[in-house]
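Each remark here refers to the structure printed beneath this line.
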Amino acid sequence: MAAVRLTRLFIPSLRHSGSPSIINISSIAAERPVEVIPHYNAMKAALSNWSQSLAQTLAPDKIRVNTVSPGPVWTRSWENEARAYAKSSGQEYANVAADIRAQRQSSLLLKRMGTPEDVVGMVLLLASDHTSWITGTDIRVDGGST
């Protein structure tokens, strides 16, 4: 509900903006759920669906709404998971992190997990006037995993 509440708060200001755009960060898990995080999968699917509906609702106000759906991006949550597993298994964090990365990136066309910086470029592009005719779209930034 955080995205819904935040959007409701800013819609009045966006209606007066010169180039209004809402960009929600979803996940490829919205379309390709994984077994270990069903709550996350469902929440991201709802966010993607809501964003498409919102694009239709806000189009008369010229407010663009899009989602960016990253694939596996090495973030603090992956680090925390690796640290917790290393601690519980008695293994070195560096080895656990390397194993997780190797396992995840083997299925990616670009053979590496993403970084937050890999996603930023698409968000900045969608926020710019260069994409003024793009709305209701979900753009995957996933290293070729889908």
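Residues in the structure tokens are named by chain (A, B, ... in the order shown) and by number from 1 within that chain; ligands are numbered from 1 in the order shown.
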
Using only C-alpha atoms, which protein or nucleic acid residues come within 9 Å of Met113 in chain A? Drop anything in the same chain fewer than 3 positions from it, and give the result as a JSON list (two decimals) with C-alpha atoms, in the first residue's frame.
```
[["chain", "number", "residue", "atom", "x", "y", "z"],
["A", 71, "GLY", "CA", 15.91, -9.35, -12.50],
["A", 72, "PRO", "CA", 18.39, -10.61, -9.91],
["A", 73, "VAL", "CA", 20.20, -7.54, -8.61],
["A", 74, "TRP", "CA", 22.83, -7.92, -5.89],
["A", 101, "ARG", "CA", 26.16, -15.25, -7.48],
["A", 102, "ALA", "CA", 27.50, -18.16, -9.53],
["A", 104, "ARG", "CA", 22.03, -17.05, -10.11],
["A", 105, "GLN", "CA", 24.14, -15.71, -12.96],
["A", 108, "LEU", "CA", 21.44, -15.02, -17.22],
["A", 110, "LEU", "CA", 24.93, -11.62, -19.56],
["A", 142, "ASP", "CA", 17.19, -8.34, -16.10],
["A", 143, "GLY", "CA", 20.46, -9.24, -17.81]]
```

*Excluding same-chain residues fewer than 6 positions from range 56-58 of chain A, what lies within 9 Å of it counting only C-alpha atoms, as a list in words?*
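Residues meeting the cut-off are Ile11, Arg64, Val65, Thr135 and Gly136 of chain A.
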
*In terms of the shortest atom-to-atom distance over only C-alpha atoms, which of A:Ala98, A:Ser21, A:Arg140, A:Phe10 is closest to Glu79 in chain A?*
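So, comparing all the options, the nearest one is A:Ala98.
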
*Enumerate as number ranges by chain all residues of chain A assigned to alpha helix (DSSP H) by DSSP on the backbone, naming them with the chain letters and numbers the document uses.*
A: 2-15, 38-58, 76-89, 93-105, 116-127

*Between CA of Asn66 in chain A and CA of Trp78 in chain A - distance in Å to one decimal*: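 Computed distance, CA of Trp78 in chain A to CA of Asn66 in chain A, equals 25.5 Å.
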
Counting only C-alpha atoms, what are the residues of range 47-139 of chain A within 12 Å of range 28-33 of chain A, and for each of them which pair of atoms is the nearest and at what distance in Å, to one decimal? Sort the table by chain and rising number, as a tab-separated table.
```
residue	atom	partner	partner_atom	distance
A:Leu47	CA	A:Ala30	CA	8.4
A:Ser48	CA	A:Ala30	CA	7.2
A:Asn49	CA	A:Ala30	CA	9.1
A:Trp50	CA	A:Ala30	CA	11.8
A:Thr67	CA	A:Ile28	CA	10.7
A:Val68	CA	A:Ile28	CA	9.0
A:Ser69	CA	A:Ile28	CA	5.3
A:Pro70	CA	A:Ile28	CA	6.0
A:Gly71	CA	A:Ile28	CA	5.5
A:Pro72	CA	A:Ile28	CA	8.5
A:Val73	CA	A:Ile28	CA	11.0
A:Asp138	CA	A:Ile28	CA	9.7
A:Ile139	CA	A:Ile28	CA	9.5
```

*Excluding Asn95 in chain A and any residue of its chain fewer than 4 positions from it, enumerate the residues within 12 Å of it, using only C-alpha atoms, and give them as a PyMOL selection string.*
chain A and resi 79+82-83+85-87+89-91+99-102

Got time to write the residues from that selection, N, CA and C atoms, as a PDB file, in the first residue's frame?
```
ATOM      1  N   GLU A  79      22.940  -9.682   0.295  1.00  0.00           N
ATOM      2  CA  GLU A  79      24.080  -9.726   1.219  1.00  0.00           C
ATOM      3  C   GLU A  79      23.651 -10.258   2.578  1.00  0.00           C
ATOM      4  N   ALA A  82      23.074 -13.944   2.411  1.00  0.00           N
ATOM      5  CA  ALA A  82      24.350 -14.659   2.344  1.00  0.00           C
ATOM      6  C   ALA A  82      25.039 -14.670   3.704  1.00  0.00           C
ATOM      7  N   ARG A  83      24.998 -13.541   4.411  1.00  0.00           N
ATOM      8  CA  ARG A  83      25.616 -13.472   5.751  1.00  0.00           C
ATOM      9  C   ARG A  83      24.913 -14.405   6.735  1.00  0.00           C
ATOM     10  N   TYR A  85      23.199 -17.122   6.036  1.00  0.00           N
ATOM     11  CA  TYR A  85      23.496 -18.505   5.685  1.00  0.00           C
ATOM     12  C   TYR A  85      24.930 -18.862   6.076  1.00  0.00           C
ATOM     13  N   ALA A  86      25.866 -17.946   5.846  1.00  0.00           N
ATOM     14  CA  ALA A  86      27.258 -18.195   6.220  1.00  0.00           C
ATOM     15  C   ALA A  86      27.375 -18.426   7.724  1.00  0.00           C
ATOM     16  N   LYS A  87      26.683 -17.596   8.493  1.00  0.00           N
ATOM     17  CA  LYS A  87      26.736 -17.724   9.949  1.00  0.00           C
ATOM     18  C   LYS A  87      26.131 -19.047  10.414  1.00  0.00           C
ATOM     19  N   SER A  89      25.749 -21.794   8.729  1.00  0.00           N
ATOM     20  CA  SER A  89      26.421 -22.985   8.191  1.00  0.00           C
ATOM     21  C   SER A  89      27.897 -23.053   8.570  1.00  0.00           C
ATOM     22  N   GLY A  90      28.429 -21.972   9.167  1.00  0.00           N
ATOM     23  CA  GLY A  90      29.835 -21.951   9.542  1.00  0.00           C
ATOM     24  C   GLY A  90      30.769 -21.712   8.364  1.00  0.00           C
ATOM     25  N   GLN A  91      30.230 -21.270   7.246  1.00  0.00           N
ATOM     26  CA  GLN A  91      31.052 -21.003   6.062  1.00  0.00           C
ATOM     27  C   GLN A  91      31.462 -19.530   6.028  1.00  0.00           C
ATOM     28  N   ASP A  99      29.083 -18.273  -4.234  1.00  0.00           N
ATOM     29  CA  ASP A  99      28.254 -19.406  -4.658  1.00  0.00           C
ATOM     30  C   ASP A  99      26.861 -18.944  -5.103  1.00  0.00           C
ATOM     31  N   ILE A 100      26.278 -18.033  -4.337  1.00  0.00           N
ATOM     32  CA  ILE A 100      24.952 -17.516  -4.702  1.00  0.00           C
ATOM     33  C   ILE A 100      25.020 -16.817  -6.048  1.00  0.00           C
ATOM     34  N   ARG A 101      26.015 -15.974  -6.206  1.00  0.00           N
ATOM     35  CA  ARG A 101      26.159 -15.251  -7.482  1.00  0.00           C
ATOM     36  C   ARG A 101      26.359 -16.216  -8.635  1.00  0.00           C
ATOM     37  N   ALA A 102      27.230 -17.190  -8.451  1.00  0.00           N
ATOM     38  CA  ALA A 102      27.499 -18.160  -9.525  1.00  0.00           C
ATOM     39  C   ALA A 102      26.234 -18.912  -9.914  1.00  0.00           C
TER      40      ALA A 102
END
```

*Mind pulling up the distance from CA of Val34 in chain A to CA of Tyr93 in chain A?*
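Interatomic distance here is 23.8 Å.
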
*Which residue, A:Met1, A:Thr75, A:Gly144, A:Leu126, has the smallest gap to Lys44 in chain A when you use only C-alpha atoms?*
A:Met1
